[in-house]
Amino acid sequence: MHKIHEIKTKAEQSETMVQEICRDIKKLDCAKRHITTTITALHRLTMLVSAVEQLQVMASKRQYKEAAAQLEAVNQLCSHFEAYRDVPKITELREKFKNIKKILKSHVFSDFSSLGTGKETEDPMLLQQLSDSCLVVDALEPSVREELVKNFCSKELTSYRQIFEGAELAKLDKTERRYAWIKRRLRSNEDTWKIFPPSWHVDYLLCIQFCKITRAQLVDILNNLKEKPDVATLLLAFQRTIEFEEELAEKFSGGTGTARNKDSASDNEEEGGEHNKIVSDIRKKYEKKLAAPNHEAEQDKDKQKDLSVPGAGFNFHGIISSCFEPYMTVYIELEEKSLVDQLEKLVQEERWETEEGSQTNILSSSMQVFLVIRKSLKRCSALTKNQTLFNLFQVFQRILKAYAAKLYARLPKGGTGIVAAATGTDGQIRTSDRDERMICYIVNTAEYCHQTSGELAENVAKMINPQFADKVDMSEVQDEFSAVITKALMTLVHGLETKFDAEMVAMTRVPWATLESVGDQSEYVNGISSILSSSIPVLGSLLSPTYFQYFLDKLAASLGPRFYLNIYKCKHISETGAQQMLLDTQAVKTILLDIPALGKQSSGAASYSKFVSREMSKAEALLKVILSPVDSVANTYHALLPEGTPLEFQRILDLKGLKKADQQAILEDFNKHAPAPAIKHPAVAPTVAPPVATASVQMAPSVATPAISITPSMVALTGALANREDVLARAAALGRGAATTGFKRFLALTEAAKDRKDGPFRKLFNA
């Protein structure tokens with residue numbers, strides 16, 4: 001520790017000694033630095049005084065080229081005296097320099113006032129002097145250059161204002177002459193305007209100012225029109241304006257993104273560096289930033305970046321033409337009138353049949369409608385992709401809705417009026433074979449229009465201005481065509497239903513009560529088979545699998561319940577008659593199951609078969625109840641039709657031919673043993689079930705067992721259920737007995753009486 005303390009003491013002594021030695025040297029160093037700074041400042045002050053005096057002489061003699069270089073030197077010297085602004089001498093020099101710049105500005109503006117007056121042709125030196133003065137302007141503040149260019153453009157366009165504000169040329173049909181004027185002006189003064197540095201872009205700024213003035217004058221012309229503008233004149237002016245904007249965009253934007261300059265892409269690539277520099281300089285002018293990259297590679301990179309900066313260059317597209325948009329209503333009205341006339345003509349000329357050899361099975365008018373729509377879209381998109389195009393798209397929507405209405409109106413209608421009501425045909429739709437083919441063509445045509453209208457909306461959304469893209473929607477139009485498809489398919493179903501009317505009447509006229517034996521299927525069944533055999537092959541060949549399946553489901557959902565209700569319309573059915581009707585029912589079921597094969601379309605056949613079996617099983621169950629003995633008819637009814645009502649049961653007793661007195665005891669027993677007395681469903685016309693695939697319906701009822709106390713009615717219910725197996729066995733025996741009486745085509749229905757679940761037939765009736 002003693003040693004360390006000793007070392008520390010010696011170090012402190014050494015530090016003190018060094019400070020004493022260097023004290024004088026430090027003072028001398030500070031003095032030298034101050035003297036050097038003073039000498040430098042005085043030297044620069046001398047240079048500044050001399051430069052300002054020389055600049056003053058140059059300004060008075062209008063020696064612009066030398067003055068420009070001197071301005072740069074004075075600006076640099078002044079920057080060294082920013083810290084001495086409060087020194088009187090410096091303040092005096094800065095004020096003097098400021099006054100000299102004002103004098104230079106005044107001289108330059110005065111000299112430029114003679115440009116365009118013809119003096120430049122008389123005095124060749126004037127152009128050189130003006131060119132040198134531009135160097136002075138560049139050395140002055142950027143605001144001076146902006147003011148000079150603005151004054152020059154205003155002066156150049158003064159005559160333009162005067163010429164085209166006059167009554168003779170202030171017309172819409174003279175629009176093209178406006179653009180010819182500026183083009184001539186640019187060509188005739190091209191050599192003279194070379195006095196301006198390229199970085200000033202005088203012609204570019206002049207065109208911007210020209211476009212703004214032109215737009216304002218055109219708006220005034222359009223606003224002052226006493227009548228609607230002539231469409232041809234309006235479109236011509238619009239077209240020439242768009243072409244002029246394209247030319248300006250191609251001239252000043254370097255050919256980036258215009259459709260009409262793609263052919264000259266190679267030329268634009270050669271000039272790409274110059275155009276990029278233009279855009280870069282313009283951005284610097286507007287943002288007032290002066291930044292120079294150090295390397296050429298970085299400079300090129302920055303120039304390319306400038307192209308993607310919003311506002312880097314002026315967008316000529318729409319600068320003038322956008323003023324026409326609010327007045328394009330007359331054009332839209334003309335397009336709509338033309339489309340409506342063509343639609344009417346196409347519908348009138350439509351034969352409602354396809355041409356021979358056609359594989360599309362769609363009406364030719366639909367393709368023609370979309371053809372004229374596409375032509376109209378092409379014409380409009382060449383002019384504008386803004387509000388006018390969206391308005392035209394709304395016209396397309398109305399045209400397509402009108403075409404959907406034409407298709408809808410062409411569908412066969414039901415009979416109306418006093419005659420139809422008197423003959424009982426009110427609302428019935430009668431269709432011939434030609435009508436059925438036409439309906440299929442309408443279905444296919446509506447599907448084609450549904451798909452093509454969606455594609456049309458997608459194409460319009462891609463080409464229209466993004467602010468309108470979200471509003472481009474064809475869903476309402478597609479809904480219209482979907483409604484046509486649904487109506488057409490239902491018309492086919494109703495047409496076939498009407499054809500079945502005679503067969504249904506024939507069924508009720510068969511003497512079921514007096515039939516002596518069971519034979520082959522009845523004549524009305526042959527009639528149903530004949531109707532389907534003539535219509536289904538044609539429909540299957542014309543409709544797509546999806547719509548054919550939908551049609552079949554609707555047909556089965558209609559014919560099944562109708563056949564069931566038609567049994568009730570028969571007055572009296574004997575046992576032999578019921579057996580014959582069972583045979584007919586099975587034959588009708590077989591005919592319906594063979595429809596997919598008849599139409600040569602097997603897709604969805606499995607689900608359709610289950611659906612037909614479900615719809616026809618109730619008629620089979622009803623006939624088996626009629627076949628059952630009187631003493632067990634109630635139990636059989638409960639077993640096979642558990643959701644039946646007393647009213648329906650009473651009608652079955654009428655069909656069996658029982659007298660009212662005999663029915664009374666059976667009805668009392670039926671009500672006493674009813675498994676679900678709370679369910680009350682009147683026997684009314686059925687509601688067509690939806691065409692959906694469902695599982696095969698079994699014929700055995702399931703019994704819910706809620707936790708309630710046992711009542712006498714429940715005891716009766718239990719007794720009824722205990723006898724269920726006997727009832728089902730007897731019903732099956734009826735089926736087997738019928739099969740042994742001579743109708744070989746009848747299949748035993750015993751399989752339909754096994755462990756069925758809750759009856760699904762209730763939805764065939766209105767609540």
# chains A, B, ... in the order shown; residues from 1 in each chain; ligands from 1
>>> select_by_dssp(residues="stretch 359-454 of chain A", states="helix (DSSP H, G or I)", output="ChimeraX atom specification")
/A:364-383,387-410,418-423,433-454
>>> residues_around(residues="stretch 488-502 of chain A", least_positions_apart="4", cutoff="9 Å", atoms="only C-alpha atoms", output="PyMOL selection string")
chain A and resi 408+411-413+428-432+435-436+439-440+442-443+483-484+506-507+524+527-528+531-532+535+547-548+550-552+554-555+558-559
>>> residues_around(residues="A:Thr175", least_positions_apart="6", cutoff="8 Å", atoms="only C-alpha atoms", output="list in words")
Ala237, Arg240 and Thr241 of chain A
>>> closest_residue(among="A:Leu28, A:Leu627, A:Leu667, A:Met47", to="A:Pro646", atoms="only C-alpha atoms")
A:Leu667
>>> residues_around(residues="A:Tyr327", least_positions_apart="6", cutoff="10 Å", atoms="only C-alpha atoms", output="ChimeraX atom specification")
/A:219,222-223,228-229,231,234,388
>>> write_last_selection(atoms="N, CA, C and O atoms", output="CSV table (one decimal), in the first residue's frame")
chain,number,residue,atom,x,y,z
A,219,VAL,N,-66.5,23.7,-70.4
A,219,VAL,CA,-67.6,23.6,-69.4
A,219,VAL,C,-68.6,24.7,-69.6
A,219,VAL,O,-69.8,24.5,-69.5
A,222,LEU,N,-70.8,23.9,-72.6
A,222,LEU,CA,-71.8,22.8,-72.3
A,222,LEU,C,-72.9,23.4,-71.4
A,222,LEU,O,-74.0,23.0,-71.5
A,223,ASN,N,-72.5,24.2,-70.4
A,223,ASN,CA,-73.5,24.7,-69.5
A,223,ASN,C,-74.4,25.7,-70.2
A,223,ASN,O,-75.6,25.8,-69.8
A,228,LYS,N,-80.3,19.9,-75.5
A,228,LYS,CA,-79.4,18.8,-75.3
A,228,LYS,C,-78.4,18.8,-76.5
A,228,LYS,O,-78.8,19.0,-77.6
A,229,PRO,N,-77.1,18.5,-76.2
A,229,PRO,CA,-76.1,18.5,-77.3
A,229,PRO,C,-76.4,17.4,-78.3
A,229,PRO,O,-76.9,16.4,-77.9
A,231,VAL,N,-75.7,14.3,-80.3
A,231,VAL,CA,-74.9,13.2,-79.8
A,231,VAL,C,-73.6,13.0,-80.7
A,231,VAL,O,-72.5,12.8,-80.2
A,234,LEU,N,-71.2,15.8,-79.8
A,234,LEU,CA,-70.6,15.5,-78.5
A,234,LEU,C,-69.6,14.4,-78.5
A,234,LEU,O,-68.5,14.5,-77.9
A,388,THR,N,-69.8,7.3,-67.0
A,388,THR,CA,-70.6,7.0,-68.2
A,388,THR,C,-70.6,5.5,-68.5
A,388,THR,O,-71.7,4.9,-68.8
>>> residues_around(residues="A:Ala67", least_positions_apart="3", cutoff="10 Å", atoms="only C-alpha atoms", output="PyMOL selection string")
chain A and resi 54-59+61-64+70-73+104+132-133+135-136+139
>>> write_last_selection(atoms="C-alpha atoms", output="compact mmCIF listing (two decimals), in the first residue's frame")
# COMPACT_ATOMS: atom_id res chain seq x y z
CA GLN A 54 -18.43 43.02 -60.04
CA LEU A 55 -21.93 41.54 -60.01
CA GLN A 56 -23.38 45.01 -59.86
CA VAL A 57 -21.43 46.01 -62.94
CA MET A 58 -22.46 42.83 -64.79
CA ALA A 59 -26.10 43.43 -63.91
CA LYS A 61 -24.41 45.79 -68.48
CA ARG A 62 -26.76 42.76 -68.75
CA GLN A 63 -23.84 40.36 -68.92
CA TYR A 64 -26.08 37.44 -67.97
CA GLN A 70 -20.85 35.34 -60.26
CA LEU A 71 -24.22 34.74 -58.55
CA GLU A 72 -23.16 31.23 -57.63
CA ALA A 73 -19.89 32.54 -56.17
CA LEU A 104 -31.25 41.15 -62.51
CA ASP A 132 -27.94 33.43 -71.06
CA SER A 133 -30.57 35.09 -68.91
CA LEU A 135 -28.73 30.84 -66.49
CA VAL A 136 -29.25 33.83 -64.23
CA ALA A 139 -28.98 30.92 -60.13
>>> residues_around(residues="A:Arg185", least_positions_apart="6", cutoff="12 Å", atoms="only C-alpha atoms", output="VMD selection string")
chain A and resid 116 153 156 to 157 159 to 160 178 to 179 191 to 193 203 206 to 207 210
>>> write_last_selection(atoms="C-alpha atoms", output="PDB file, in the first residue's frame")
ATOM      1  CA  GLY A 116     -42.900  36.573 -79.284  1.00  0.00           C
ATOM      2  CA  CYS A 153     -47.309  30.604 -70.587  1.00  0.00           C
ATOM      3  CA  GLU A 156     -48.558  32.652 -75.037  1.00  0.00           C
ATOM      4  CA  LEU A 157     -52.141  31.602 -74.260  1.00  0.00           C
ATOM      5  CA  SER A 159     -54.350  34.960 -77.932  1.00  0.00           C
ATOM      6  CA  TYR A 160     -55.838  31.462 -77.492  1.00  0.00           C
ATOM      7  CA  ARG A 178     -58.412  24.075 -80.319  1.00  0.00           C
ATOM      8  CA  TYR A 179     -56.021  21.152 -80.321  1.00  0.00           C
ATOM      9  CA  ASP A 191     -36.602  26.322 -82.359  1.00  0.00           C
ATOM     10  CA  THR A 192     -37.291  29.585 -80.534  1.00  0.00           C
ATOM     11  CA  TRP A 193     -38.134  27.846 -77.247  1.00  0.00           C
ATOM     12  CA  ASP A 203     -43.703  23.099 -73.364  1.00  0.00           C
ATOM     13  CA  LEU A 206     -47.611  25.320 -71.312  1.00  0.00           C
ATOM     14  CA  CYS A 207     -49.721  22.274 -72.266  1.00  0.00           C
ATOM     15  CA  PHE A 210     -53.662  25.073 -72.069  1.00  0.00           C
TER      16      PHE A 210
END
>>> closest_residue(among="A:Lys171, A:Lys337, A:Arg177, A:Lys183", to="A:Asp220", atoms="only C-alpha atoms")
A:Lys171
>>> closest_residue(among="A:Leu205, A:Cys22, A:Ala402, A:Met328", to="A:Asp230", atoms="only C-alpha atoms")
A:Met328
